[in-house]
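Student: Provided herewith: structure.cif, mmCIF, C-alpha atoms (C1' of nucleotides).
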```cif
data_final
#
loop_
_atom_site.label_atom_id
_atom_site.label_comp_id
_atom_site.auth_asym_id
_atom_site.auth_seq_id
_atom_site.Cartn_x
_atom_site.Cartn_y
_atom_site.Cartn_z
CA MET A 1 -72.54 -60.40 12.43
CA ASN A 2 -75.64 -60.84 14.50
CA ALA A 3 -77.55 -61.35 11.32
CA VAL A 4 -80.80 -59.44 11.08
CA LYS A 5 -83.91 -61.27 10.05
CA LEU A 6 -85.76 -59.23 7.47
CA THR A 7 -89.20 -60.32 8.53
CA SER A 8 -88.67 -59.17 12.08
CA THR A 9 -87.60 -55.65 11.18
CA LEU A 10 -90.17 -52.95 11.85
CA THR A 11 -89.67 -51.70 8.32
CA PHE A 12 -90.77 -54.99 6.79
CA ARG A 13 -93.38 -55.82 9.38
CA LEU A 14 -95.08 -52.43 9.39
CA GLY A 15 -94.91 -52.40 5.62
CA THR A 16 -96.62 -55.73 5.12
CA LEU A 17 -99.07 -55.31 7.97
CA GLY A 18 -99.95 -51.85 6.73
CA ALA A 19 -100.60 -53.24 3.26
CA VAL A 20 -102.94 -55.90 4.61
CA LEU A 21 -104.88 -53.41 6.70
CA THR A 22 -105.13 -51.00 3.80
CA ASP A 23 -106.51 -53.80 1.65
CA ARG A 24 -109.14 -54.56 4.26
CA PHE A 25 -110.04 -50.92 4.55
CA THR A 26 -110.28 -50.66 0.78
CA ALA A 27 -112.68 -53.59 0.77
CA ARG A 28 -114.91 -51.88 3.34
CA LEU A 29 -114.83 -48.66 1.37
CA ALA A 30 -115.89 -50.37 -1.82
CA ALA A 31 -119.51 -50.05 -0.71
CA HIS A 32 -119.16 -46.28 -0.92
CA ASP A 33 -117.15 -46.49 -4.11
CA LEU A 34 -114.27 -44.73 -2.41
CA LYS A 35 -110.57 -45.42 -2.06
CA PRO A 36 -108.48 -44.80 1.05
CA LYS A 37 -107.04 -41.65 -0.51
CA HIS A 38 -110.50 -40.16 -0.84
CA VAL A 39 -111.02 -40.70 2.84
CA GLY A 40 -107.56 -39.37 3.57
CA LEU A 41 -108.52 -36.19 1.77
CA LEU A 42 -111.68 -35.88 3.83
CA ALA A 43 -109.59 -36.33 6.96
CA VAL A 44 -107.22 -33.55 5.93
CA LEU A 45 -110.12 -31.17 5.44
CA ASP A 46 -111.70 -32.22 8.71
CA SER A 47 -108.62 -31.62 10.77
CA GLY A 48 -107.87 -28.15 9.56
CA VAL A 49 -109.30 -24.98 8.24
CA ALA A 50 -110.14 -24.56 4.62
CA ALA A 51 -107.27 -25.62 2.43
CA SER A 52 -106.39 -25.16 -1.21
CA GLN A 53 -105.87 -28.19 -3.39
CA LEU A 54 -102.15 -27.55 -3.41
CA ASP A 55 -102.07 -27.45 0.38
CA VAL A 56 -103.84 -30.78 0.46
CA ALA A 57 -101.45 -32.25 -2.09
CA LYS A 58 -98.48 -31.26 0.06
CA ILE A 59 -100.01 -32.61 3.23
CA MET A 60 -100.84 -35.90 1.54
CA SER A 61 -97.47 -36.09 -0.24
CA VAL A 62 -99.22 -36.53 -3.52
CA ALA A 63 -99.19 -34.85 -6.93
CA PRO A 64 -101.58 -31.89 -7.29
CA SER A 65 -103.13 -33.57 -10.30
CA LEU A 66 -104.20 -36.46 -8.12
CA VAL A 67 -105.98 -34.11 -5.74
CA VAL A 68 -107.97 -32.88 -8.71
CA SER A 69 -109.42 -36.28 -9.44
CA LEU A 70 -109.98 -37.14 -5.79
CA ALA A 71 -111.80 -33.85 -5.28
CA ASP A 72 -113.78 -34.37 -8.49
CA ARG A 73 -115.17 -37.58 -7.11
CA LEU A 74 -115.87 -36.18 -3.65
CA GLU A 75 -117.54 -33.10 -5.06
CA GLU A 76 -119.71 -35.31 -7.21
CA LEU A 77 -120.74 -37.11 -4.01
CA GLY A 78 -121.53 -33.80 -2.35
CA ALA A 79 -118.92 -34.46 0.33
CA VAL A 80 -116.74 -31.53 -0.58
CA ARG A 81 -117.31 -28.01 -1.81
CA ARG A 82 -114.96 -26.25 -4.22
CA GLU A 83 -114.75 -22.49 -4.09
CA ARG A 84 -112.31 -20.02 -5.59
CA ASP A 85 -110.42 -18.12 -2.94
CA PRO A 86 -111.75 -14.55 -3.29
CA SER A 87 -108.39 -13.14 -2.29
CA ASP A 88 -106.51 -15.29 -4.80
CA ARG A 89 -108.69 -16.61 -7.52
CA ARG A 90 -106.14 -19.20 -8.60
CA ARG A 91 -106.70 -21.20 -5.45
CA GLN A 92 -109.52 -23.71 -5.15
CA ILE A 93 -110.56 -23.89 -1.52
CA LEU A 94 -111.89 -27.28 -0.48
CA THR A 95 -114.28 -27.51 2.43
CA LEU A 96 -116.17 -30.39 3.98
CA THR A 97 -119.92 -30.32 3.63
CA ALA A 98 -122.25 -31.79 6.23
CA GLU A 99 -122.54 -34.88 4.03
CA GLY A 100 -118.78 -35.04 3.86
CA ARG A 101 -118.55 -35.03 7.62
CA ASP A 102 -121.09 -37.83 7.83
CA LEU A 103 -119.27 -39.83 5.21
CA LEU A 104 -115.97 -39.40 7.00
CA ALA A 105 -117.56 -40.46 10.28
CA GLU A 106 -118.92 -43.58 8.62
CA CYS A 107 -115.52 -44.45 7.20
CA ALA A 108 -113.87 -43.82 10.54
CA ARG A 109 -116.35 -46.19 12.14
CA ALA A 110 -115.51 -48.82 9.54
CA ALA A 111 -111.83 -48.39 10.36
CA ALA A 112 -112.60 -48.70 14.05
CA GLU A 113 -114.43 -51.96 13.40
CA LEU A 114 -111.41 -53.30 11.56
CA ASP A 115 -109.30 -52.22 14.52
CA ALA A 116 -111.54 -54.19 16.84
CA GLU A 117 -111.19 -57.30 14.68
CA LEU A 118 -107.45 -56.90 14.62
CA LEU A 119 -107.13 -56.43 18.36
CA GLU A 120 -109.68 -59.04 19.35
CA GLY A 121 -108.30 -61.01 22.24
CA LEU A 122 -105.30 -58.75 22.68
CA ASP A 123 -104.83 -57.42 26.19
CA GLN A 124 -106.16 -53.92 26.72
CA GLU A 125 -102.85 -52.66 27.98
CA GLY A 126 -100.90 -53.85 24.98
CA ALA A 127 -103.39 -52.21 22.67
CA GLU A 128 -103.12 -48.90 24.46
CA THR A 129 -99.32 -49.00 24.46
CA LEU A 130 -99.41 -49.75 20.76
CA ARG A 131 -101.60 -46.71 20.10
CA VAL A 132 -99.31 -44.43 22.03
CA THR A 133 -96.13 -45.73 20.41
CA LEU A 134 -97.58 -45.53 16.92
CA SER A 135 -98.74 -42.01 17.61
CA THR A 136 -95.18 -41.08 18.51
CA LEU A 137 -93.79 -42.73 15.40
CA ALA A 138 -96.41 -41.04 13.25
CA ARG A 139 -95.49 -37.66 14.70
CA ARG A 140 -91.79 -38.05 14.03
CA THR A 141 -92.54 -39.24 10.53
CA GLY A 142 -94.52 -36.16 9.71
CA LEU A 143 -97.87 -37.92 9.71
CA PRO A 144 -101.04 -36.85 11.52
CA ALA A 145 -100.48 -37.89 15.12
CA ASP A 146 -103.44 -36.31 16.89
CA MET B 1 -121.81 -41.14 20.10
CA ASN B 2 -118.13 -41.26 20.90
CA ALA B 3 -117.10 -40.29 17.40
CA VAL B 4 -114.01 -42.09 16.13
CA LYS B 5 -111.21 -40.07 14.65
CA LEU B 6 -110.01 -41.73 11.48
CA THR B 7 -106.41 -40.70 11.82
CA SER B 8 -106.10 -42.31 15.21
CA THR B 9 -107.39 -45.71 14.16
CA LEU B 10 -104.78 -48.40 13.86
CA THR B 11 -106.08 -49.22 10.41
CA PHE B 12 -105.34 -45.74 9.12
CA ARG B 13 -102.18 -45.20 11.10
CA LEU B 14 -100.57 -48.52 10.29
CA GLY B 15 -101.61 -48.08 6.69
CA THR B 16 -100.02 -44.68 6.22
CA LEU B 17 -96.98 -45.43 8.34
CA GLY B 18 -96.46 -48.69 6.52
CA ALA B 19 -96.61 -46.87 3.20
CA VAL B 20 -93.96 -44.37 4.29
CA LEU B 21 -91.64 -47.09 5.54
CA THR B 22 -92.10 -49.12 2.38
CA ASP B 23 -91.20 -46.04 0.34
CA ARG B 24 -88.02 -45.60 2.33
CA PHE B 25 -87.16 -49.25 1.96
CA THR B 26 -87.79 -49.02 -1.76
CA ALA B 27 -85.39 -46.09 -1.97
CA ARG B 28 -82.68 -48.09 -0.21
CA LEU B 29 -83.27 -51.04 -2.48
CA ALA B 30 -82.90 -48.94 -5.60
CA ALA B 31 -79.14 -49.38 -5.39
CA HIS B 32 -79.62 -53.11 -6.00
CA ASP B 33 -82.29 -52.51 -8.59
CA LEU B 34 -84.75 -54.48 -6.51
CA LYS B 35 -88.26 -53.86 -5.24
CA PRO B 36 -89.61 -54.88 -1.84
CA LYS B 37 -91.44 -57.81 -3.42
CA HIS B 38 -88.18 -59.23 -4.72
CA VAL B 39 -86.82 -59.16 -1.21
CA GLY B 40 -90.07 -60.58 0.11
CA LEU B 41 -89.63 -63.51 -2.23
CA LEU B 42 -86.09 -64.07 -1.02
CA ALA B 43 -87.39 -64.04 2.54
CA VAL B 44 -90.01 -66.66 1.74
CA LEU B 45 -87.36 -68.94 0.31
CA ASP B 46 -85.05 -68.32 3.23
CA SER B 47 -87.60 -69.18 5.85
CA GLY B 48 -88.70 -72.48 4.43
CA VAL B 49 -87.73 -75.47 2.44
CA ALA B 50 -87.75 -75.44 -1.31
CA ALA B 51 -91.02 -74.08 -2.63
CA SER B 52 -92.71 -74.08 -5.99
CA GLN B 53 -93.63 -70.79 -7.60
CA LEU B 54 -97.27 -71.40 -6.85
CA ASP B 55 -96.48 -72.01 -3.18
CA VAL B 56 -94.63 -68.73 -3.11
CA ALA B 57 -97.51 -66.94 -4.83
CA LYS B 58 -99.94 -68.20 -2.20
CA ILE B 59 -97.67 -67.26 0.68
CA MET B 60 -97.15 -63.79 -0.74
CA SER B 61 -100.83 -63.38 -1.66
CA VAL B 62 -99.87 -62.52 -5.19
CA ALA B 63 -100.73 -63.74 -8.68
CA PRO B 64 -98.58 -66.63 -9.94
CA SER B 65 -97.70 -64.59 -12.99
CA LEU B 66 -96.08 -61.99 -10.77
CA VAL B 67 -93.86 -64.62 -9.18
CA VAL B 68 -92.65 -65.47 -12.66
CA SER B 69 -91.31 -61.99 -13.28
CA LEU B 70 -89.91 -61.61 -9.76
CA ALA B 71 -88.11 -64.94 -10.10
CA ASP B 72 -86.90 -64.02 -13.58
CA ARG B 73 -85.14 -60.99 -12.18
CA LEU B 74 -83.71 -62.83 -9.17
CA GLU B 75 -82.52 -65.70 -11.29
CA GLU B 76 -80.81 -63.25 -13.60
CA LEU B 77 -79.03 -61.85 -10.53
CA GLY B 78 -77.99 -65.34 -9.51
CA ALA B 79 -79.89 -65.04 -6.25
CA VAL B 80 -82.30 -67.83 -6.98
CA ARG B 81 -82.15 -71.17 -8.74
CA ARG B 82 -85.03 -72.62 -10.73
CA GLU B 83 -85.35 -76.38 -11.02
CA ARG B 84 -88.13 -78.63 -12.20
CA ASP B 85 -89.44 -80.85 -9.46
CA PRO B 86 -88.37 -84.37 -10.56
CA SER B 87 -91.47 -85.89 -8.99
CA ASP B 88 -93.78 -83.41 -10.70
CA ARG B 89 -92.27 -81.75 -13.68
CA ARG B 90 -94.90 -79.03 -13.80
CA ARG B 91 -93.54 -77.46 -10.65
CA GLN B 92 -90.62 -75.03 -10.69
CA ILE B 93 -88.79 -75.30 -7.42
CA LEU B 94 -87.13 -72.08 -6.28
CA THR B 95 -84.13 -72.20 -4.01
CA LEU B 96 -81.85 -69.54 -2.59
CA THR B 97 -78.27 -69.54 -3.80
CA ALA B 98 -75.37 -68.39 -1.66
CA GLU B 99 -75.50 -65.05 -3.47
CA GLY B 100 -79.20 -64.89 -2.73
CA ARG B 101 -78.56 -65.37 0.94
CA ASP B 102 -75.96 -62.61 0.91
CA LEU B 103 -78.28 -60.30 -0.95
CA LEU B 104 -81.09 -60.97 1.48
CA ALA B 105 -78.76 -60.30 4.41
CA GLU B 106 -77.74 -57.00 2.88
CA CYS B 107 -81.35 -55.96 2.41
CA ALA B 108 -82.20 -57.02 5.94
CA ARG B 109 -79.36 -54.86 7.19
CA ALA B 110 -80.72 -51.91 5.21
CA ALA B 111 -84.12 -52.47 6.82
CA ALA B 112 -82.51 -52.62 10.24
CA GLU B 113 -80.81 -49.29 9.59
CA LEU B 114 -84.13 -47.76 8.70
CA ASP B 115 -85.53 -49.21 11.90
CA ALA B 116 -82.77 -47.52 13.87
CA GLU B 117 -83.55 -44.17 12.25
CA LEU B 118 -87.21 -44.59 13.02
CA LEU B 119 -86.66 -45.52 16.62
CA GLU B 120 -83.91 -43.01 17.31
CA GLY B 121 -84.52 -41.44 20.67
CA LEU B 122 -87.38 -43.74 21.52
CA ASP B 123 -87.07 -45.52 24.83
CA GLN B 124 -85.72 -49.04 24.59
CA GLU B 125 -88.67 -50.49 26.43
CA GLY B 126 -91.24 -48.96 24.13
CA ALA B 127 -89.39 -50.28 21.11
CA GLU B 128 -89.28 -53.78 22.50
CA THR B 129 -92.97 -53.72 23.41
CA LEU B 130 -93.73 -52.54 19.90
CA ARG B 131 -91.81 -55.42 18.39
CA VAL B 132 -93.62 -57.97 20.50
CA THR B 133 -97.05 -56.52 19.85
CA LEU B 134 -96.47 -56.28 16.11
CA SER B 135 -95.25 -59.83 16.06
CA THR B 136 -98.51 -60.91 17.66
CA LEU B 137 -100.55 -58.90 15.19
CA ALA B 138 -98.54 -60.28 12.29
CA ARG B 139 -99.14 -63.83 13.46
CA ARG B 140 -102.88 -63.40 13.75
CA THR B 141 -102.96 -61.77 10.34
CA GLY B 142 -101.29 -64.70 8.68
CA LEU B 143 -98.00 -62.89 8.11
CA PRO B 144 -94.52 -64.13 9.01
CA ALA B 145 -94.23 -63.53 12.74
CA ASP B 146 -90.95 -65.24 13.60
"C1'" DC C 1 -97.89 -3.32 -18.63
"C1'" DT C 2 -94.78 -6.68 -19.13
"C1'" DT C 3 -92.48 -10.56 -17.23
"C1'" DC C 4 -92.26 -14.18 -14.23
"C1'" DA C 5 -94.28 -17.16 -10.65
"C1'" DT C 6 -98.18 -19.86 -8.96
"C1'" DC C 7 -102.44 -22.78 -9.00
"C1'" DA C 8 -105.64 -25.94 -11.15
"C1'" DT C 9 -106.43 -28.86 -14.86
"C1'" DT C 10 -105.75 -32.10 -18.59
"C1'" DC C 11 -103.44 -35.69 -20.58
"C1'" DA C 12 -99.98 -38.94 -21.94
"C1'" DG C 13 -97.49 -42.41 -20.03
"C1'" DC C 14 -95.11 -45.14 -16.38
"C1'" DT C 15 -95.30 -48.85 -12.97
"C1'" DT C 16 -97.31 -52.55 -10.78
"C1'" DC C 17 -100.24 -55.91 -10.74
"C1'" DT C 18 -104.08 -59.12 -12.23
"C1'" DG C 19 -106.78 -62.42 -15.09
"C1'" DA C 20 -107.41 -64.80 -19.29
"C1'" DA C 21 -105.31 -67.54 -22.57
"C1'" DC C 22 -102.13 -71.38 -23.71
"C1'" DG C 23 -98.81 -75.40 -23.56
"C1'" DA C 24 -96.87 -78.92 -20.75
"C1'" DT C 25 -97.62 -82.19 -17.38
"C1'" DT C 26 -100.12 -85.03 -14.10
"C1'" DT C 27 -104.21 -87.37 -12.24
"C1'" DG C 28 -108.34 -90.06 -12.08
"C1'" DG C 29 -111.51 -92.67 -13.88
"C1'" DA C 30 -113.74 -95.88 -17.52
"C1'" DT D 1 -104.59 -98.30 -21.62
"C1'" DC D 2 -106.49 -94.08 -22.96
"C1'" DC D 3 -108.98 -89.92 -22.43
"C1'" DA D 4 -110.94 -85.97 -19.84
"C1'" DA D 5 -110.17 -82.83 -16.35
"C1'" DA D 6 -107.10 -80.53 -13.24
"C1'" DT D 7 -102.70 -78.24 -12.16
"C1'" DC D 8 -98.42 -75.42 -12.92
"C1'" DG D 9 -95.81 -72.06 -15.29
"C1'" DT D 10 -95.66 -68.66 -18.78
"C1'" DT D 11 -97.03 -64.90 -21.85
"C1'" DC D 12 -99.64 -61.10 -22.75
"C1'" DA D 13 -103.21 -57.60 -22.84
"C1'" DG D 14 -104.96 -54.41 -20.02
"C1'" DA D 15 -106.81 -52.35 -15.44
"C1'" DA D 16 -105.54 -49.27 -11.61
"C1'" DG D 17 -103.13 -45.79 -9.54
"C1'" DC D 18 -100.12 -42.43 -9.80
"C1'" DT D 19 -96.61 -38.83 -11.74
"C1'" DG D 20 -94.75 -35.09 -14.67
"C1'" DA D 21 -95.08 -32.13 -18.53
"C1'" DA D 22 -97.94 -29.03 -21.00
"C1'" DT D 23 -101.59 -25.30 -20.80
"C1'" DG D 24 -104.53 -21.55 -19.29
"C1'" DA D 25 -105.90 -18.46 -15.72
"C1'" DT D 26 -104.56 -15.48 -12.21
"C1'" DG D 27 -101.44 -12.85 -9.33
"C1'" DA D 28 -97.01 -10.26 -7.98
"C1'" DA D 29 -93.00 -7.39 -8.92
"C1'" DG D 30 -90.49 -4.24 -11.24
#
```
Translate this structure into structure tokens?

Tutor:
Amino acid sequence: MNAVKLTSTLTFRLGTLGAVLTDRFTARLAAHDLKPKHVGLLAVLDSGVAASQLDVAKIMSVAPSLVVSLADRLEELGAVRRERDPSDRRRQILTLTAEGRDLLAECARAAAELDAELLEGLDQEGAETLRVTLSTLARRTGLPAD
Amino acid sequence: MNAVKLTSTLTFRLGTLGAVLTDRFTARLAAHDLKPKHVGLLAVLDSGVAASQLDVAKIMSVAPSLVVSLADRLEELGAVRRERDPSDRRRQILTLTAEGRDLLAECARAAAELDAELLEGLDQEGAETLRVTLSTLARRTGLPAD
DNA sequence: CTTCATCATTCAGCTTCTGAACGATTTGGA
DNA sequence: TCCAAATCGTTCAGAAGCTGAATGATGAAG
């Protein structure tokens, strides 16, 4: 009883909306020849101390082998530096370079512009409430919540 | 100036959160041997009159050839009926069967359960505000907003 | 100093999806 | 009436993105 409408569930709505926004972000990133996961990796490095590739893989919930190829590309762009951990030479420590920080900032600005488009005409209060609520949901989902 | 943090943009947050929720939904759907897109197709048929495969493809923003394989599977499950449009025999009209409606309802219930898990402990008011805001955003993004 | 665990890397392959054929049908002129 | 172009569904090859199983290098434990 009280039949649920699929399209009004958060699960479906956040899923589809998230997909659309990711597509838009991907389109913006195309200019830099990057994918969202590349930027996600930059963000991980930015918001923490130096991390090994395996650490990054765990944080991103992604296979270690994927981190290799993401880091390959970012290293090639000069956005990331790869160094063996002196205290454990198996570990590759990834760190953001100055260029990497710039690149991340540029991508973040692109995302913010997409946000502005999305929220255009929405009341300021609603937007702020949305941010707070999503931050809460992100936190309890194990995602970066800032 | 006022540097934007990527992880706190809606673009990034909705993208990652949406991906997590879609993964969870996919896991629930595994029991029925369905993917979210199958259920999305059922939802399109449910919320409209009879539609041709091309109509569905446009609504779902997906290649027509993908609709073929989704419909193949759903037809095989008896959830969907395929009939040539008598007034234009090129068109394949897709309609929900009674089984299809049941299946959709079951999937919607699964999504609602995931919603409950996600919102557990969140204040009722915040949840309701979230629903309303997301509905608005869905509408202005060309997604089903109900 | 040998055995087992851990990390990065490569690579084969899976899944999901698209775009280019193609056949069947319809439409719009000449 | 007939033909050319457009439209719809279908098949199929293959791109894209990712995983999991090897492999080699290094480290830890006895």

Student: Applied to the shown file, which residues does the PyMOL selection byres ((chain D and resi 29) around 9) return, written as a list of chain:residue names?

Tutor: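 This file gives the following for the PyMOL selection byres ((chain D and resi 29) around 9): C:DT3, C:DC4, D:DA28, D:DG30.
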
Student: Kindly assemble as CSV a list of the chain D residues that lie within 8 Å of chain A, each paired with its nearest atom pair and their distance in Å to one decimal, using only C-alpha atoms (C1' of nucleotides), sorted first by chain and then by ascending residue number.

Tutor:
```
residue,atom,partner,partner_atom,distance
D:DC18,C1',A:Leu66,CA,7.4
D:DT19,C1',A:Ala63,CA,6.8
D:DA25,C1',A:Arg90,CA,7.2
D:DT26,C1',A:Arg90,CA,5.4
D:DG27,C1',A:Asp88,CA,7.2
```

Student: All Cα atoms, paired in order, least squares: that's the fit I need for chain B onto chain A, output as a tab-separated table (two decimals) with C-alpha atoms, in the frame of the given file.

Tutor:
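result-v2.tsv was written with the following content:
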```tsv
chain	number	residue	atom	x	y	z
B	1	MET	CA	-72.19	-60.48	12.92
B	2	ASN	CA	-75.57	-60.54	14.57
B	3	ALA	CA	-77.40	-61.09	11.31
B	4	VAL	CA	-80.69	-59.21	11.04
B	5	LYS	CA	-83.78	-61.09	10.01
B	6	LEU	CA	-85.67	-59.08	7.45
B	7	THR	CA	-89.10	-60.22	8.48
B	8	SER	CA	-88.60	-59.06	12.03
B	9	THR	CA	-87.56	-55.52	11.15
B	10	LEU	CA	-90.15	-52.88	11.81
B	11	THR	CA	-89.69	-51.60	8.29
B	12	PHE	CA	-90.74	-54.91	6.77
B	13	ARG	CA	-93.35	-55.76	9.35
B	14	LEU	CA	-95.08	-52.40	9.37
B	15	GLY	CA	-94.91	-52.36	5.60
B	16	THR	CA	-96.60	-55.71	5.09
B	17	LEU	CA	-99.05	-55.30	7.93
B	18	GLY	CA	-99.96	-51.85	6.72
B	19	ALA	CA	-100.60	-53.24	3.25
B	20	VAL	CA	-102.94	-55.91	4.60
B	21	LEU	CA	-104.88	-53.42	6.69
B	22	THR	CA	-105.16	-51.00	3.80
B	23	ASP	CA	-106.54	-53.82	1.65
B	24	ARG	CA	-109.17	-54.58	4.26
B	25	PHE	CA	-110.06	-50.93	4.57
B	26	THR	CA	-110.32	-50.68	0.80
B	27	ALA	CA	-112.73	-53.61	0.79
B	28	ARG	CA	-114.93	-51.91	3.37
B	29	LEU	CA	-114.87	-48.69	1.42
B	30	ALA	CA	-115.98	-50.39	-1.77
B	31	ALA	CA	-119.58	-50.06	-0.63
B	32	HIS	CA	-119.23	-46.27	-0.85
B	33	ASP	CA	-117.24	-46.48	-4.05
B	34	LEU	CA	-114.35	-44.73	-2.37
B	35	LYS	CA	-110.64	-45.43	-2.04
B	36	PRO	CA	-108.53	-44.82	1.05
B	37	LYS	CA	-107.10	-41.67	-0.53
B	38	HIS	CA	-110.56	-40.17	-0.84
B	39	VAL	CA	-111.06	-40.71	2.85
B	40	GLY	CA	-107.58	-39.40	3.55
B	41	LEU	CA	-108.53	-36.21	1.77
B	42	LEU	CA	-111.68	-35.88	3.83
B	43	ALA	CA	-109.59	-36.33	6.96
B	44	VAL	CA	-107.21	-33.57	5.91
B	45	LEU	CA	-110.10	-31.19	5.44
B	46	ASP	CA	-111.67	-32.22	8.71
B	47	SER	CA	-108.57	-31.64	10.75
B	48	GLY	CA	-107.80	-28.17	9.55
B	49	VAL	CA	-109.19	-24.97	8.24
B	50	ALA	CA	-110.05	-24.53	4.61
B	51	ALA	CA	-107.19	-25.64	2.40
B	52	SER	CA	-106.34	-25.18	-1.23
B	53	GLN	CA	-105.85	-28.22	-3.42
B	54	LEU	CA	-102.13	-27.63	-3.47
B	55	ASP	CA	-102.03	-27.50	0.33
B	56	VAL	CA	-103.84	-30.81	0.42
B	57	ALA	CA	-101.46	-32.30	-2.14
B	58	LYS	CA	-98.47	-31.33	-0.02
B	59	ILE	CA	-100.00	-32.67	3.17
B	60	MET	CA	-100.87	-35.95	1.48
B	61	SER	CA	-97.51	-36.16	-0.32
B	62	VAL	CA	-99.28	-36.59	-3.61
B	63	ALA	CA	-99.25	-34.92	-7.01
B	64	PRO	CA	-101.62	-31.94	-7.36
B	65	SER	CA	-103.20	-33.60	-10.35
B	66	LEU	CA	-104.28	-36.50	-8.17
B	67	VAL	CA	-106.04	-34.14	-5.78
B	68	VAL	CA	-108.03	-32.88	-8.74
B	69	SER	CA	-109.50	-36.29	-9.47
B	70	LEU	CA	-110.04	-37.14	-5.80
B	71	ALA	CA	-111.84	-33.83	-5.28
B	72	ASP	CA	-113.84	-34.34	-8.47
B	73	ARG	CA	-115.25	-37.56	-7.10
B	74	LEU	CA	-115.92	-36.14	-3.63
B	75	GLU	CA	-117.55	-33.06	-5.03
B	76	GLU	CA	-119.77	-35.23	-7.17
B	77	LEU	CA	-120.80	-37.05	-3.97
B	78	GLY	CA	-121.54	-33.74	-2.30
B	79	ALA	CA	-118.93	-34.40	0.36
B	80	VAL	CA	-116.74	-31.49	-0.55
B	81	ARG	CA	-117.27	-27.96	-1.78
B	82	ARG	CA	-114.93	-26.21	-4.19
B	83	GLU	CA	-114.65	-22.43	-4.07
B	84	ARG	CA	-112.21	-19.99	-5.57
B	85	ASP	CA	-110.28	-18.10	-2.95
B	86	PRO	CA	-111.55	-14.50	-3.31
B	87	SER	CA	-108.16	-13.12	-2.33
B	88	ASP	CA	-106.33	-15.31	-4.83
B	89	ARG	CA	-108.51	-16.62	-7.56
B	90	ARG	CA	-106.00	-19.24	-8.64
B	91	ARG	CA	-106.60	-21.23	-5.49
B	92	GLN	CA	-109.46	-23.70	-5.15
B	93	ILE	CA	-110.47	-23.88	-1.54
B	94	LEU	CA	-111.85	-27.25	-0.46
B	95	THR	CA	-114.23	-27.49	2.44
B	96	LEU	CA	-116.13	-30.36	4.01
B	97	THR	CA	-119.90	-30.28	3.68
B	98	ALA	CA	-122.22	-31.76	6.27
B	99	GLU	CA	-122.55	-34.84	4.07
B	100	GLY	CA	-118.78	-35.01	3.90
B	101	ARG	CA	-118.53	-35.01	7.65
B	102	ASP	CA	-121.09	-37.80	7.87
B	103	LEU	CA	-119.29	-39.81	5.24
B	104	LEU	CA	-115.98	-39.38	7.01
B	105	ALA	CA	-117.57	-40.47	10.30
B	106	GLU	CA	-118.94	-43.57	8.64
B	107	CYS	CA	-115.55	-44.46	7.21
B	108	ALA	CA	-113.89	-43.84	10.55
B	109	ARG	CA	-116.37	-46.20	12.14
B	110	ALA	CA	-115.54	-48.85	9.54
B	111	ALA	CA	-111.85	-48.42	10.37
B	112	ALA	CA	-112.61	-48.73	14.06
B	113	GLU	CA	-114.44	-51.99	13.41
B	114	LEU	CA	-111.44	-53.32	11.58
B	115	ASP	CA	-109.31	-52.26	14.52
B	116	ALA	CA	-111.55	-54.24	16.85
B	117	GLU	CA	-111.20	-57.34	14.68
B	118	LEU	CA	-107.45	-56.94	14.62
B	119	LEU	CA	-107.14	-56.48	18.34
B	120	GLU	CA	-109.67	-59.12	19.33
B	121	GLY	CA	-108.30	-61.09	22.22
B	122	LEU	CA	-105.30	-58.85	22.67
B	123	ASP	CA	-104.81	-57.51	26.16
B	124	GLN	CA	-106.15	-54.02	26.69
B	125	GLU	CA	-102.84	-52.74	27.96
B	126	GLY	CA	-100.90	-53.91	24.95
B	127	ALA	CA	-103.39	-52.27	22.64
B	128	GLU	CA	-103.15	-48.97	24.45
B	129	THR	CA	-99.35	-49.06	24.45
B	130	LEU	CA	-99.44	-49.78	20.74
B	131	ARG	CA	-101.64	-46.77	20.10
B	132	VAL	CA	-99.36	-44.47	22.04
B	133	THR	CA	-96.19	-45.75	20.43
B	134	LEU	CA	-97.64	-45.53	16.93
B	135	SER	CA	-98.81	-42.03	17.62
B	136	THR	CA	-95.25	-41.09	18.53
B	137	LEU	CA	-93.87	-42.72	15.42
B	138	ALA	CA	-96.49	-41.04	13.27
B	139	ARG	CA	-95.60	-37.65	14.71
B	140	ARG	CA	-91.90	-38.03	14.06
B	141	THR	CA	-92.64	-39.21	10.55
B	142	GLY	CA	-94.63	-36.14	9.71
B	143	LEU	CA	-97.97	-37.93	9.70
B	144	PRO	CA	-101.14	-36.89	11.54
B	145	ALA	CA	-100.55	-37.97	15.12
B	146	ASP	CA	-103.52	-36.45	16.94
```

Student: Considering all atoms listed in the file, extract the chain C residues located within 10 Å of chain A and return them as a VMD selection string.

Tutor: chain C and resid 6 to 10

Student: As an NGL selection string, please: the residues near A:Asp115 (cut-off 12 Å, all atoms listed in the file, same-chain neighbours under 6 positions excluded).

Tutor: (:A and (21-22 or 24-25 or 108-109 or 121-122 or 127 or 130-131)) or (:B and (4 or 6 or 8-15 or 137))

Student: For atom CA of A:Gly126 and atom CA of B:Thr141, quote the distance in Å rounded to one decimal.

Tutor: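 Result for atom CA of A:Gly126 versus atom CA of B:Thr141: 16.8 Å, one decimal.
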
Student: Can you work out the spacing between atom CA of B:Val132 and atom CA of B:Ala43 in Å, to one decimal?

Tutor: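 Between atom CA of B:Val132 and atom CA of B:Ala43 the gap is 20.0 Å.
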
Student: So, with all atoms listed in the file as the atoms that count, which of A:Leu29, A:Val39, A:Ala50, A:Leu70 lies closest to chain B?

Tutor: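 Distance minimum relative to chain B lands on A:Val39.
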
Student: Using the chain letters and numbers from the file, which residues does the PyMOL selection byres ((chain D and resi 11) around 9) grab, as a list of chain:residue names?

Tutor: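 Output of the PyMOL selection byres ((chain D and resi 11) around 9): B:Ser65, C:DA21, C:DC22, D:DT10, D:DC12.
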